[in-house]
Amino acid sequence: MLGLSYLTLALALATSSIKASPVEPKTVCKCLPGQPCFPSPSTISAFESTLSKPLIHPRPMGSVCFPNDPTFSALECDAVKSKWHNGAFRTSVPQAAQFINWETMINSTAVDQCDPFGDVNAPGNTCFQGRVPWGVVNVTSIADIQKTVKFAAQHNLKLIVKNTG
């Protein structure tokens, strides 16, 4: 009972010190490909030339299963499907998130995804980029990290760190 009293008192003190003031919503979002704020191809190429290794421009893992996708390969599709839920495999590839739902982008009008287990042959069925990044830096030096963080900050790009261990 004593522990509950302290918890209640702590919550009461914490909430009593909060002032009711309006908070302005943050309207600045990160730049996405296709938006005017997104860096131009020449800017991206200039950045890429400063890195130890070229940028990786990944497509979602399931893209190899979509006949209308340039990466289509029935053989690779079978391999991807067999490892789709394998965490170790997903960790080893830059275009995969540990949890599949993090590769899907839900916006106000659609669900952009790339599900290789759906009807990939349906008319108009497309593999969407979703939240799979447009570019990946395979970091091999501290300088690569510094340049990437600086580039992302300068161009208002979302920076995701994926560590393989």
# chains A, B, ... in the order shown; residues from 1 in each chain; ligands from 1
>>> residues_around(residues="range 60-73 of chain A", least_positions_apart="6", cutoff="7 Å", atoms="only C-alpha atoms", output="PDB file with N, CA and C atoms, in the first residue's frame")
ATOM      1  N   VAL A  80      13.693 -15.594 -51.917  1.00  0.00           N
ATOM      2  CA  VAL A  80      13.210 -14.561 -50.991  1.00  0.00           C
ATOM      3  C   VAL A  80      12.047 -15.094 -50.165  1.00  0.00           C
ATOM      4  N   GLN A  95      17.801  -3.625 -47.568  1.00  0.00           N
ATOM      5  CA  GLN A  95      16.440  -3.189 -47.886  1.00  0.00           C
ATOM      6  C   GLN A  95      15.376  -3.858 -47.030  1.00  0.00           C
ATOM      7  N   ALA A  96      15.764  -4.601 -46.036  1.00  0.00           N
ATOM      8  CA  ALA A  96      14.785  -5.296 -45.199  1.00  0.00           C
ATOM      9  C   ALA A  96      14.802  -4.748 -43.780  1.00  0.00           C
ATOM     10  N   CYS A 114       5.023  -4.301 -50.780  1.00  0.00           N
ATOM     11  CA  CYS A 114       5.614  -5.174 -51.787  1.00  0.00           C
ATOM     12  C   CYS A 114       5.569  -6.607 -51.256  1.00  0.00           C
ATOM     13  N   ASP A 115       4.378  -7.155 -51.196  1.00  0.00           N
ATOM     14  CA  ASP A 115       4.149  -8.474 -50.603  1.00  0.00           C
ATOM     15  C   ASP A 115       4.294  -9.569 -51.659  1.00  0.00           C
ATOM     16  N   PRO A 116       5.339 -10.389 -51.574  1.00  0.00           N
ATOM     17  CA  PRO A 116       5.536 -11.431 -52.580  1.00  0.00           C
ATOM     18  C   PRO A 116       4.541 -12.584 -52.467  1.00  0.00           C
ATOM     19  N   VAL A 120       0.725 -11.354 -57.243  1.00  0.00           N
ATOM     20  CA  VAL A 120       1.684 -10.497 -57.939  1.00  0.00           C
ATOM     21  C   VAL A 120       1.357 -10.350 -59.422  1.00  0.00           C
ATOM     22  N   ASN A 121       0.530 -11.245 -59.960  1.00  0.00           N
ATOM     23  CA  ASN A 121       0.172 -11.191 -61.377  1.00  0.00           C
ATOM     24  C   ASN A 121      -1.113 -10.426 -61.646  1.00  0.00           C
ATOM     25  N   THR A 126       1.522  -3.676 -58.191  1.00  0.00           N
ATOM     26  CA  THR A 126       2.860  -3.108 -58.280  1.00  0.00           C
ATOM     27  C   THR A 126       3.587  -3.267 -56.957  1.00  0.00           C
ATOM     28  N   CYS A 127       4.873  -3.445 -57.049  1.00  0.00           N
ATOM     29  CA  CYS A 127       5.711  -3.448 -55.852  1.00  0.00           C
ATOM     30  C   CYS A 127       6.065  -2.001 -55.546  1.00  0.00           C
ATOM     31  N   GLN A 129       7.777   1.042 -53.219  1.00  0.00           N
ATOM     32  CA  GLN A 129       8.981   1.234 -52.414  1.00  0.00           C
ATOM     33  C   GLN A 129       8.646   1.242 -50.926  1.00  0.00           C
ATOM     34  N   VAL A 132      11.058   1.393 -47.641  1.00  0.00           N
ATOM     35  CA  VAL A 132      12.412   0.941 -47.960  1.00  0.00           C
ATOM     36  C   VAL A 132      13.184   2.173 -48.434  1.00  0.00           C
TER      37      VAL A 132
END
>>> closest_residue(among="A:Phe151, A:Val137, A:Gly130, A:Ser92", to="Pro33 in chain A", atoms="only C-alpha atoms")
A:Gly130
>>> atom_distance(atom1="CA of Ala153 in chain A", atom2="CA of Cys37 in chain A")
12.5 Å
>>> select_by_dssp(residues="range 30-68 of chain A", states="helix (DSSP H, G or I)", output="PyMOL selection string")
chain A and resi 41-48+61-65
>>> closest_residue(among="A:Ala88, A:Val93, A:Ile44, A:Cys77", to="Lys162 in chain A", atoms="only C-alpha atoms")
A:Val93
>>> residues_around(residues="Thr50 in chain A", least_positions_apart="5", cutoff="12 Å", atoms="only C-alpha atoms", output="list in words")
Thr43, Ile44, Ser45, Leu55, Val137, Val139, Ser141, Ala143, Asp144, Ile145, Gln146, Lys147, Thr148 and Phe151 of chain A
>>> closest_residue(among="A:Val136, A:Ile142, A:Val161, A:Ala97", to="His57 in chain A", atoms="only C-alpha atoms")
A:Val136
>>> atom_distance(atom1="CA of Lys30 in chain A", atom2="CA of Gly124 in chain A")
29.0 Å
